[in-house]
$ cat model-v7.cif   # mmCIF, N, CA and C atoms
data_work
loop_
_atom_site.label_atom_id
_atom_site.label_comp_id
_atom_site.auth_asym_id
_atom_site.auth_seq_id
_atom_site.Cartn_x
_atom_site.Cartn_y
_atom_site.Cartn_z
N MET H 581 35.05 185.91 77.55
CA MET H 581 33.98 186.16 78.49
C MET H 581 33.52 184.83 79.05
N LYS H 582 33.56 184.72 80.35
CA LYS H 582 33.15 183.48 80.99
C LYS H 582 31.90 183.71 81.82
N ILE H 583 30.85 182.96 81.49
CA ILE H 583 29.59 183.01 82.21
C ILE H 583 29.26 181.59 82.62
N ASN H 584 29.17 181.36 83.92
CA ASN H 584 28.83 180.04 84.44
C ASN H 584 27.33 179.96 84.68
N LEU H 585 26.72 178.87 84.22
CA LEU H 585 25.28 178.68 84.39
C LEU H 585 24.99 177.61 85.41
N GLN H 586 23.95 177.87 86.20
CA GLN H 586 23.47 176.88 87.16
C GLN H 586 21.96 176.88 87.12
N GLN H 587 21.37 175.70 87.00
CA GLN H 587 19.91 175.54 86.93
C GLN H 587 19.37 175.11 88.29
N ASP H 588 18.20 175.68 88.65
CA ASP H 588 17.57 175.30 89.91
C ASP H 588 16.06 175.53 89.79
N ASN H 589 15.30 174.46 89.60
CA ASN H 589 13.84 174.52 89.52
C ASN H 589 13.33 175.58 88.53
N GLY H 590 13.85 175.57 87.33
CA GLY H 590 13.39 176.49 86.31
C GLY H 590 14.07 177.84 86.31
N LEU H 591 14.88 178.10 87.33
CA LEU H 591 15.65 179.35 87.39
C LEU H 591 17.05 179.10 86.88
N THR H 592 17.59 180.06 86.14
CA THR H 592 18.95 179.97 85.67
C THR H 592 19.75 181.08 86.33
N THR H 593 20.82 180.70 87.02
CA THR H 593 21.73 181.69 87.58
C THR H 593 22.93 181.76 86.65
N ALA H 594 23.13 182.94 86.07
CA ALA H 594 24.26 183.18 85.18
C ALA H 594 25.27 184.02 85.96
N THR H 595 26.40 183.41 86.30
CA THR H 595 27.42 184.10 87.07
C THR H 595 28.50 184.61 86.14
N LEU H 596 28.67 185.91 86.13
CA LEU H 596 29.68 186.54 85.30
C LEU H 596 31.03 186.41 85.99
N ASP H 597 31.92 185.65 85.38
CA ASP H 597 33.23 185.38 85.97
C ASP H 597 34.25 186.38 85.42
N GLU H 598 33.99 187.65 85.67
CA GLU H 598 34.83 188.75 85.20
C GLU H 598 34.87 189.81 86.29
N THR H 599 35.93 190.63 86.29
CA THR H 599 35.99 191.75 87.23
C THR H 599 35.67 193.08 86.56
N ARG H 600 35.75 193.11 85.22
CA ARG H 600 35.44 194.33 84.46
C ARG H 600 34.46 194.01 83.34
N LEU H 601 33.51 194.90 83.17
CA LEU H 601 32.58 194.79 82.05
C LEU H 601 32.54 196.18 81.42
N ASP H 602 33.24 196.31 80.29
CA ASP H 602 33.35 197.62 79.65
C ASP H 602 33.10 197.50 78.15
N ALA H 603 33.33 198.60 77.44
CA ALA H 603 33.02 198.65 76.00
C ALA H 603 33.73 197.57 75.19
N SER H 604 34.88 197.12 75.67
CA SER H 604 35.63 196.12 74.91
C SER H 604 34.98 194.74 74.95
N VAL H 605 34.18 194.45 75.97
CA VAL H 605 33.55 193.13 76.09
C VAL H 605 32.03 193.18 76.11
N ALA H 606 31.45 194.39 76.11
CA ALA H 606 29.99 194.52 76.18
C ALA H 606 29.28 193.77 75.04
N PRO H 607 29.75 193.88 73.77
CA PRO H 607 29.07 193.13 72.70
C PRO H 607 29.13 191.62 72.91
N GLU H 608 30.27 191.14 73.40
CA GLU H 608 30.41 189.70 73.66
C GLU H 608 29.48 189.27 74.80
N PHE H 609 29.39 190.09 75.84
CA PHE H 609 28.48 189.82 76.96
C PHE H 609 27.03 189.75 76.45
N LYS H 610 26.64 190.74 75.67
CA LYS H 610 25.27 190.80 75.14
C LYS H 610 24.97 189.56 74.30
N ALA H 611 25.88 189.19 73.41
CA ALA H 611 25.69 188.02 72.54
C ALA H 611 25.58 186.74 73.37
N ALA H 612 26.43 186.59 74.38
CA ALA H 612 26.40 185.39 75.22
C ALA H 612 25.09 185.29 75.99
N MET H 613 24.62 186.43 76.52
CA MET H 613 23.37 186.43 77.27
C MET H 613 22.18 186.16 76.35
N GLU H 614 22.21 186.71 75.14
CA GLU H 614 21.13 186.46 74.19
C GLU H 614 21.05 184.98 73.84
N GLU H 615 22.20 184.34 73.69
CA GLU H 615 22.24 182.91 73.40
C GLU H 615 21.65 182.11 74.56
N ILE H 616 21.97 182.52 75.78
CA ILE H 616 21.43 181.85 76.97
C ILE H 616 19.91 181.96 76.97
N ILE H 617 19.38 183.13 76.68
CA ILE H 617 17.94 183.35 76.67
C ILE H 617 17.28 182.56 75.54
N LEU H 618 17.88 182.57 74.36
CA LEU H 618 17.33 181.83 73.22
C LEU H 618 17.32 180.33 73.45
N SER H 619 18.16 179.87 74.39
CA SER H 619 18.20 178.45 74.74
C SER H 619 17.07 178.08 75.69
N GLY H 620 16.19 179.03 75.98
CA GLY H 620 15.04 178.74 76.84
C GLY H 620 15.20 179.17 78.28
N ASN H 621 16.25 179.88 78.59
CA ASN H 621 16.50 180.33 79.96
C ASN H 621 16.02 181.77 80.11
N ASN H 622 14.72 181.94 80.39
CA ASN H 622 14.20 183.30 80.49
C ASN H 622 13.78 183.67 81.91
N GLN H 623 14.12 182.85 82.87
CA GLN H 623 13.97 183.18 84.29
C GLN H 623 15.39 183.27 84.84
N LEU H 624 15.95 184.48 84.75
CA LEU H 624 17.39 184.65 84.97
C LEU H 624 17.74 185.41 86.24
N ILE H 625 18.73 184.90 86.93
CA ILE H 625 19.42 185.65 87.98
C ILE H 625 20.81 185.91 87.43
N LEU H 626 21.15 187.16 87.22
CA LEU H 626 22.47 187.53 86.70
C LEU H 626 23.35 187.94 87.87
N ASP H 627 24.30 187.10 88.21
CA ASP H 627 25.20 187.33 89.33
C ASP H 627 26.42 188.12 88.84
N ILE H 628 26.48 189.39 89.26
CA ILE H 628 27.60 190.25 88.87
C ILE H 628 28.45 190.61 90.09
N SER H 629 28.42 189.77 91.10
CA SER H 629 29.11 190.07 92.36
C SER H 629 30.62 190.17 92.21
N GLN H 630 31.20 189.59 91.17
CA GLN H 630 32.65 189.67 90.99
C GLN H 630 33.09 190.94 90.27
N LEU H 631 32.12 191.68 89.69
CA LEU H 631 32.47 192.90 88.96
C LEU H 631 32.91 194.00 89.91
N SER H 632 34.03 194.63 89.58
CA SER H 632 34.47 195.81 90.32
C SER H 632 34.35 197.06 89.45
N PHE H 633 34.15 196.87 88.13
CA PHE H 633 33.99 198.00 87.22
C PHE H 633 33.01 197.65 86.11
N MET H 634 32.17 198.61 85.79
CA MET H 634 31.23 198.46 84.69
C MET H 634 31.01 199.85 84.11
N ASP H 635 30.93 199.96 82.78
CA ASP H 635 30.71 201.27 82.17
C ASP H 635 29.31 201.35 81.55
N SER H 636 29.02 202.50 80.96
CA SER H 636 27.68 202.72 80.42
C SER H 636 27.36 201.82 79.23
N SER H 637 28.36 201.45 78.44
CA SER H 637 28.08 200.55 77.31
C SER H 637 27.66 199.17 77.82
N SER H 638 28.22 198.74 78.92
CA SER H 638 27.83 197.47 79.53
C SER H 638 26.43 197.55 80.11
N LEU H 639 26.12 198.70 80.68
CA LEU H 639 24.77 198.91 81.19
C LEU H 639 23.76 198.87 80.05
N GLY H 640 24.13 199.45 78.91
CA GLY H 640 23.29 199.37 77.72
C GLY H 640 23.08 197.94 77.26
N ALA H 641 24.13 197.13 77.34
CA ALA H 641 24.02 195.71 76.98
C ALA H 641 23.06 194.99 77.93
N MET H 642 23.11 195.34 79.21
CA MET H 642 22.18 194.74 80.18
C MET H 642 20.75 195.13 79.90
N VAL H 643 20.53 196.38 79.49
CA VAL H 643 19.19 196.83 79.12
C VAL H 643 18.68 196.02 77.93
N ALA H 644 19.54 195.78 76.95
CA ALA H 644 19.16 194.97 75.78
C ALA H 644 18.79 193.55 76.19
N VAL H 645 19.53 192.99 77.14
CA VAL H 645 19.24 191.64 77.63
C VAL H 645 17.89 191.64 78.35
N LEU H 646 17.65 192.66 79.17
CA LEU H 646 16.39 192.77 79.89
C LEU H 646 15.22 192.86 78.90
N LYS H 647 15.40 193.61 77.83
CA LYS H 647 14.36 193.72 76.81
C LYS H 647 14.12 192.39 76.12
N GLN H 648 15.19 191.63 75.90
CA GLN H 648 15.03 190.34 75.24
C GLN H 648 14.27 189.37 76.13
N VAL H 649 14.52 189.41 77.43
CA VAL H 649 13.76 188.56 78.35
C VAL H 649 12.28 188.94 78.24
N GLY H 650 12.03 190.23 78.15
CA GLY H 650 10.69 190.77 77.86
C GLY H 650 9.59 190.27 78.75
N GLY H 651 8.40 190.18 78.16
CA GLY H 651 7.22 189.79 78.91
C GLY H 651 7.14 188.31 79.21
N THR H 652 7.99 187.52 78.59
CA THR H 652 7.92 186.06 78.79
C THR H 652 8.76 185.59 79.96
N GLY H 653 9.61 186.46 80.49
CA GLY H 653 10.49 186.05 81.57
C GLY H 653 10.80 187.18 82.52
N LYS H 654 11.86 186.96 83.28
CA LYS H 654 12.25 187.95 84.28
C LYS H 654 13.75 187.84 84.51
N MET H 655 14.36 188.98 84.83
CA MET H 655 15.79 189.00 85.14
C MET H 655 16.01 189.79 86.42
N VAL H 656 16.77 189.22 87.33
CA VAL H 656 17.14 189.86 88.58
C VAL H 656 18.65 189.95 88.62
N ILE H 657 19.17 191.11 89.04
CA ILE H 657 20.61 191.32 89.15
C ILE H 657 21.03 191.04 90.58
N LEU H 658 22.03 190.19 90.74
CA LEU H 658 22.51 189.78 92.06
C LEU H 658 23.92 190.31 92.29
N GLY H 659 24.14 190.93 93.43
CA GLY H 659 25.49 191.22 93.90
C GLY H 659 26.15 192.49 93.41
N ALA H 660 25.40 193.44 92.87
CA ALA H 660 26.01 194.71 92.47
C ALA H 660 26.49 195.44 93.71
N SER H 661 27.73 195.89 93.69
CA SER H 661 28.27 196.61 94.84
C SER H 661 29.31 197.63 94.39
N GLY H 662 29.69 198.50 95.29
CA GLY H 662 30.73 199.47 95.02
C GLY H 662 30.41 200.36 93.83
N ALA H 663 31.39 200.53 92.96
CA ALA H 663 31.25 201.40 91.79
C ALA H 663 30.18 200.90 90.84
N VAL H 664 29.99 199.60 90.77
CA VAL H 664 28.97 199.03 89.90
C VAL H 664 27.57 199.43 90.39
N LEU H 665 27.33 199.30 91.69
CA LEU H 665 26.05 199.70 92.26
C LEU H 665 25.84 201.21 92.08
N GLU H 666 26.90 201.98 92.25
CA GLU H 666 26.80 203.44 92.07
C GLU H 666 26.40 203.80 90.64
N LEU H 667 26.89 203.05 89.66
CA LEU H 667 26.50 203.29 88.26
C LEU H 667 25.01 203.06 88.08
N PHE H 668 24.48 201.98 88.65
CA PHE H 668 23.04 201.72 88.57
C PHE H 668 22.25 202.87 89.19
N LYS H 669 22.71 203.35 90.34
CA LYS H 669 22.00 204.43 91.03
C LYS H 669 22.13 205.76 90.29
N LEU H 670 23.33 206.08 89.85
CA LEU H 670 23.58 207.34 89.16
C LEU H 670 22.74 207.48 87.89
N THR H 671 22.60 206.38 87.17
CA THR H 671 21.83 206.38 85.92
C THR H 671 20.34 206.08 86.16
N ARG H 672 19.99 205.87 87.41
CA ARG H 672 18.62 205.52 87.83
C ARG H 672 18.15 204.18 87.27
N MET H 673 19.09 203.38 86.85
CA MET H 673 18.75 202.04 86.36
C MET H 673 18.37 201.11 87.52
N ASP H 674 18.64 201.54 88.75
CA ASP H 674 18.20 200.75 89.90
C ASP H 674 16.67 200.76 90.00
N ARG H 675 16.03 201.66 89.25
CA ARG H 675 14.56 201.69 89.21
C ARG H 675 14.02 200.79 88.10
N ILE H 676 14.87 200.43 87.16
CA ILE H 676 14.48 199.58 86.03
C ILE H 676 14.77 198.11 86.33
N PHE H 677 15.96 197.87 86.88
CA PHE H 677 16.39 196.51 87.21
C PHE H 677 16.01 196.17 88.64
N THR H 678 15.76 194.90 88.89
CA THR H 678 15.59 194.40 90.24
C THR H 678 16.98 194.01 90.75
N LEU H 679 17.47 194.71 91.77
CA LEU H 679 18.80 194.46 92.33
C LEU H 679 18.66 193.81 93.69
N THR H 680 19.42 192.73 93.91
CA THR H 680 19.40 192.06 95.20
C THR H 680 20.82 191.80 95.68
N GLU H 681 20.94 191.60 96.98
CA GLU H 681 22.26 191.37 97.57
C GLU H 681 22.59 189.90 97.76
N ASP H 682 21.55 189.04 97.86
CA ASP H 682 21.84 187.63 98.09
C ASP H 682 20.92 186.75 97.24
N LEU H 683 21.35 185.52 97.04
CA LEU H 683 20.66 184.58 96.15
C LEU H 683 19.26 184.26 96.63
N GLU H 684 19.06 184.07 97.91
CA GLU H 684 17.74 183.72 98.43
C GLU H 684 16.74 184.83 98.16
N THR H 685 17.15 186.08 98.32
CA THR H 685 16.26 187.20 98.03
C THR H 685 15.96 187.24 96.53
N ALA H 686 16.97 187.01 95.71
CA ALA H 686 16.77 187.00 94.26
C ALA H 686 15.72 185.96 93.86
N LYS H 687 15.78 184.77 94.46
CA LYS H 687 14.85 183.70 94.11
C LYS H 687 13.42 184.06 94.48
N GLN H 688 13.23 184.92 95.47
CA GLN H 688 11.89 185.28 95.90
C GLN H 688 11.15 186.12 94.87
N TYR H 689 11.85 186.71 93.92
CA TYR H 689 11.21 187.52 92.89
C TYR H 689 10.58 186.69 91.77
N PHE H 690 10.76 185.37 91.83
CA PHE H 690 10.21 184.51 90.77
C PHE H 690 9.02 183.73 91.29
#

$ encode --input "model-v7.cif" --output "structure tokens"
Amino acid sequence: MKINLQQDNGLTTATLDETRLDASVAPEFKAAMEEIILSGNNQLILDISQLSFMDSSSLGAMVAVLKQVGGTGKMVILGASGAVLELFKLTRMDRIFTLTEDLETAKQYF
């Protein structure tokens, strides 16, 4: 699992360098994101623009990450499209997560 981090004025952009996020890698994704948050990065933009597939176990891992950010921080999802965006809408998680299409819009939520 490759996640690239970029810092910008207290914001951390975590770019998921994967095309699939499914049950086989969801635990690894969750552990990597938890480590990022425990390192003090609780103002997160999660860039999933490269994902073409995501399943419900991965969505569950994202919910766990969102809970870990909790009241001390914030997480915005950047670049969900196609089948990935449809999963968010179908499960109504688009009402729980803040979804944006571009980085500048994502930054405005902080």

$ resolve_selection --input "model-v7.cif" --expression "the PyMOL selection byres ((chain H and resi 650-664) around 5)" --output "PyMOL selection string"
chain H and resi 622-629+646-649+665-668+678-681

$ write_last_selection --input "model-v7.cif" --atoms "N, CA and C atoms" --output "PDB file, in the coordinates of the input"
ATOM      1  N   ASN H 622      14.720 181.940  80.390  1.00  0.00           N
ATOM      2  CA  ASN H 622      14.200 183.300  80.490  1.00  0.00           C
ATOM      3  C   ASN H 622      13.780 183.670  81.910  1.00  0.00           C
ATOM      4  N   GLN H 623      14.120 182.850  82.870  1.00  0.00           N
ATOM      5  CA  GLN H 623      13.970 183.180  84.290  1.00  0.00           C
ATOM      6  C   GLN H 623      15.390 183.270  84.840  1.00  0.00           C
ATOM      7  N   LEU H 624      15.950 184.480  84.750  1.00  0.00           N
ATOM      8  CA  LEU H 624      17.390 184.650  84.970  1.00  0.00           C
ATOM      9  C   LEU H 624      17.740 185.410  86.240  1.00  0.00           C
ATOM     10  N   ILE H 625      18.730 184.900  86.930  1.00  0.00           N
ATOM     11  CA  ILE H 625      19.420 185.650  87.980  1.00  0.00           C
ATOM     12  C   ILE H 625      20.810 185.910  87.430  1.00  0.00           C
ATOM     13  N   LEU H 626      21.150 187.160  87.220  1.00  0.00           N
ATOM     14  CA  LEU H 626      22.470 187.530  86.700  1.00  0.00           C
ATOM     15  C   LEU H 626      23.350 187.940  87.870  1.00  0.00           C
ATOM     16  N   ASP H 627      24.300 187.100  88.210  1.00  0.00           N
ATOM     17  CA  ASP H 627      25.200 187.330  89.330  1.00  0.00           C
ATOM     18  C   ASP H 627      26.420 188.120  88.840  1.00  0.00           C
ATOM     19  N   ILE H 628      26.480 189.390  89.260  1.00  0.00           N
ATOM     20  CA  ILE H 628      27.600 190.250  88.870  1.00  0.00           C
ATOM     21  C   ILE H 628      28.450 190.610  90.090  1.00  0.00           C
ATOM     22  N   SER H 629      28.420 189.770  91.100  1.00  0.00           N
ATOM     23  CA  SER H 629      29.110 190.070  92.360  1.00  0.00           C
ATOM     24  C   SER H 629      30.620 190.170  92.210  1.00  0.00           C
ATOM     25  N   LEU H 646      17.650 192.660  79.170  1.00  0.00           N
ATOM     26  CA  LEU H 646      16.390 192.770  79.890  1.00  0.00           C
ATOM     27  C   LEU H 646      15.220 192.860  78.900  1.00  0.00           C
ATOM     28  N   LYS H 647      15.400 193.610  77.830  1.00  0.00           N
ATOM     29  CA  LYS H 647      14.360 193.720  76.810  1.00  0.00           C
ATOM     30  C   LYS H 647      14.120 192.390  76.120  1.00  0.00           C
ATOM     31  N   GLN H 648      15.190 191.630  75.900  1.00  0.00           N
ATOM     32  CA  GLN H 648      15.030 190.340  75.240  1.00  0.00           C
ATOM     33  C   GLN H 648      14.270 189.370  76.130  1.00  0.00           C
ATOM     34  N   VAL H 649      14.520 189.410  77.430  1.00  0.00           N
ATOM     35  CA  VAL H 649      13.760 188.560  78.350  1.00  0.00           C
ATOM     36  C   VAL H 649      12.280 188.940  78.240  1.00  0.00           C
ATOM     37  N   LEU H 665      27.330 199.300  91.690  1.00  0.00           N
ATOM     38  CA  LEU H 665      26.050 199.700  92.260  1.00  0.00           C
ATOM     39  C   LEU H 665      25.840 201.210  92.080  1.00  0.00           C
ATOM     40  N   GLU H 666      26.900 201.980  92.250  1.00  0.00           N
ATOM     41  CA  GLU H 666      26.800 203.440  92.070  1.00  0.00           C
ATOM     42  C   GLU H 666      26.400 203.800  90.640  1.00  0.00           C
ATOM     43  N   LEU H 667      26.890 203.050  89.660  1.00  0.00           N
ATOM     44  CA  LEU H 667      26.500 203.290  88.260  1.00  0.00           C
ATOM     45  C   LEU H 667      25.010 203.060  88.080  1.00  0.00           C
ATOM     46  N   PHE H 668      24.480 201.980  88.650  1.00  0.00           N
ATOM     47  CA  PHE H 668      23.040 201.720  88.570  1.00  0.00           C
ATOM     48  C   PHE H 668      22.250 202.870  89.190  1.00  0.00           C
ATOM     49  N   THR H 678      15.760 194.900  88.890  1.00  0.00           N
ATOM     50  CA  THR H 678      15.590 194.400  90.240  1.00  0.00           C
ATOM     51  C   THR H 678      16.980 194.010  90.750  1.00  0.00           C
ATOM     52  N   LEU H 679      17.470 194.710  91.770  1.00  0.00           N
ATOM     53  CA  LEU H 679      18.800 194.460  92.330  1.00  0.00           C
ATOM     54  C   LEU H 679      18.660 193.810  93.690  1.00  0.00           C
ATOM     55  N   THR H 680      19.420 192.730  93.910  1.00  0.00           N
ATOM     56  CA  THR H 680      19.400 192.060  95.200  1.00  0.00           C
ATOM     57  C   THR H 680      20.820 191.800  95.680  1.00  0.00           C
ATOM     58  N   GLU H 681      20.940 191.600  96.980  1.00  0.00           N
ATOM     59  CA  GLU H 681      22.260 191.370  97.570  1.00  0.00           C
ATOM     60  C   GLU H 681      22.590 189.900  97.760  1.00  0.00           C
TER      61      GLU H 681
END

$ resolve_selection --input "model-v7.cif" --expression "the PyMOL selection byres (((chain H and resi 605 and name CA) around 12) and name CA)" --output "CSV table (one decimal) with N, CA and C atoms, keeping the file's coordinate frame"
chain,number,residue,atom,x,y,z
H,581,MET,N,35.0,185.9,77.6
H,581,MET,CA,34.0,186.2,78.5
H,581,MET,C,33.5,184.8,79.0
H,582,LYS,N,33.6,184.7,80.4
H,582,LYS,CA,33.2,183.5,81.0
H,582,LYS,C,31.9,183.7,81.8
H,596,LEU,N,28.7,185.9,86.1
H,596,LEU,CA,29.7,186.5,85.3
H,596,LEU,C,31.0,186.4,86.0
H,598,GLU,N,34.0,187.6,85.7
H,598,GLU,CA,34.8,188.8,85.2
H,598,GLU,C,34.9,189.8,86.3
H,599,THR,N,35.9,190.6,86.3
H,599,THR,CA,36.0,191.8,87.2
H,599,THR,C,35.7,193.1,86.6
H,600,ARG,N,35.8,193.1,85.2
H,600,ARG,CA,35.4,194.3,84.5
H,600,ARG,C,34.5,194.0,83.3
H,601,LEU,N,33.5,194.9,83.2
H,601,LEU,CA,32.6,194.8,82.0
H,601,LEU,C,32.5,196.2,81.4
H,602,ASP,N,33.2,196.3,80.3
H,602,ASP,CA,33.4,197.6,79.6
H,602,ASP,C,33.1,197.5,78.2
H,603,ALA,N,33.3,198.6,77.4
H,603,ALA,CA,33.0,198.6,76.0
H,603,ALA,C,33.7,197.6,75.2
H,604,SER,N,34.9,197.1,75.7
H,604,SER,CA,35.6,196.1,74.9
H,604,SER,C,35.0,194.7,75.0
H,606,ALA,N,31.4,194.4,76.1
H,606,ALA,CA,30.0,194.5,76.2
H,606,ALA,C,29.3,193.8,75.0
H,607,PRO,N,29.8,193.9,73.8
H,607,PRO,CA,29.1,193.1,72.7
H,607,PRO,C,29.1,191.6,72.9
H,608,GLU,N,30.3,191.1,73.4
H,608,GLU,CA,30.4,189.7,73.7
H,608,GLU,C,29.5,189.3,74.8
H,609,PHE,N,29.4,190.1,75.8
H,609,PHE,CA,28.5,189.8,77.0
H,609,PHE,C,27.0,189.8,76.4
H,610,LYS,N,26.6,190.7,75.7
H,610,LYS,CA,25.3,190.8,75.1
H,610,LYS,C,25.0,189.6,74.3
H,611,ALA,N,25.9,189.2,73.4
H,611,ALA,CA,25.7,188.0,72.5
H,611,ALA,C,25.6,186.7,73.4
H,612,ALA,N,26.4,186.6,74.4
H,612,ALA,CA,26.4,185.4,75.2
H,612,ALA,C,25.1,185.3,76.0
H,634,MET,N,32.2,198.6,85.8
H,634,MET,CA,31.2,198.5,84.7
H,634,MET,C,31.0,199.8,84.1
H,635,ASP,N,30.9,200.0,82.8
H,635,ASP,CA,30.7,201.3,82.2
H,635,ASP,C,29.3,201.4,81.6
H,637,SER,N,28.4,201.4,78.4
H,637,SER,CA,28.1,200.6,77.3
H,637,SER,C,27.7,199.2,77.8
H,638,SER,N,28.2,198.7,78.9
H,638,SER,CA,27.8,197.5,79.5
H,638,SER,C,26.4,197.6,80.1
H,639,LEU,N,26.1,198.7,80.7
H,639,LEU,CA,24.8,198.9,81.2
H,639,LEU,C,23.8,198.9,80.0
H,641,ALA,N,24.1,197.1,77.3
H,641,ALA,CA,24.0,195.7,77.0
H,641,ALA,C,23.1,195.0,77.9

$ select_by_dssp --input "model-v7.cif" --residues "chain H" --states "strand (DSSP E)" --output "ChimeraX atom specification"
/H:583-588,591-596,600-601,623-627,633-634,654-658,678-680

$ select_by_dssp --input "model-v7.cif" --residues "segment 622-660 of chain H" --states "helix (DSSP H, G or I)" --output "PyMOL selection string"
chain H and resi 636-652

$ resolve_selection --input "model-v7.cif" --expression "the PyMOL selection byres (((chain H and resi 583-586 and name CA) around 6) and name CA)" --output "compact mmCIF listing (two decimals) with N, CA and C atoms, in the coordinates of the input"
# COMPACT_ATOMS: atom_id res chain seq x y z
N LYS H 582 33.56 184.72 80.35
CA LYS H 582 33.15 183.48 80.99
C LYS H 582 31.90 183.71 81.82
N GLN H 587 21.37 175.70 87.00
CA GLN H 587 19.91 175.54 86.93
C GLN H 587 19.37 175.11 88.29
N THR H 592 17.59 180.06 86.14
CA THR H 592 18.95 179.97 85.67
C THR H 592 19.75 181.08 86.33
N THR H 593 20.82 180.70 87.02
CA THR H 593 21.73 181.69 87.58
C THR H 593 22.93 181.76 86.65
N ALA H 594 23.13 182.94 86.07
CA ALA H 594 24.26 183.18 85.18
C ALA H 594 25.27 184.02 85.96
N THR H 595 26.40 183.41 86.30
CA THR H 595 27.42 184.10 87.07
C THR H 595 28.50 184.61 86.14
N LEU H 596 28.67 185.91 86.13
CA LEU H 596 29.68 186.54 85.30
C LEU H 596 31.03 186.41 85.99
N ASP H 597 31.92 185.65 85.38
CA ASP H 597 33.23 185.38 85.97
C ASP H 597 34.25 186.38 85.42

$ atom_distance --input "model-v7.cif" --atom1 "atom N of Phe690 of chain H" --atom2 "atom C of Asn589 of chain H"
10.6 Å

$ closest_residue --input "model-v7.cif" --among "H:Asp682, H:Lys687, H:Ser636, H:Lys669" --to "Asp588 of chain H" --atoms "only C-alpha atoms"
H:Lys687

$ atom_distance --input "model-v7.cif" --atom1 "atom CA of Ser632 of chain H" --atom2 "atom CA of Leu618 of chain H"
28.0 Å

$ atom_distance --input "model-v7.cif" --atom1 "atom CA of Asn621 of chain H" --atom2 "atom N of Arg675 of chain H"
23.3 Å
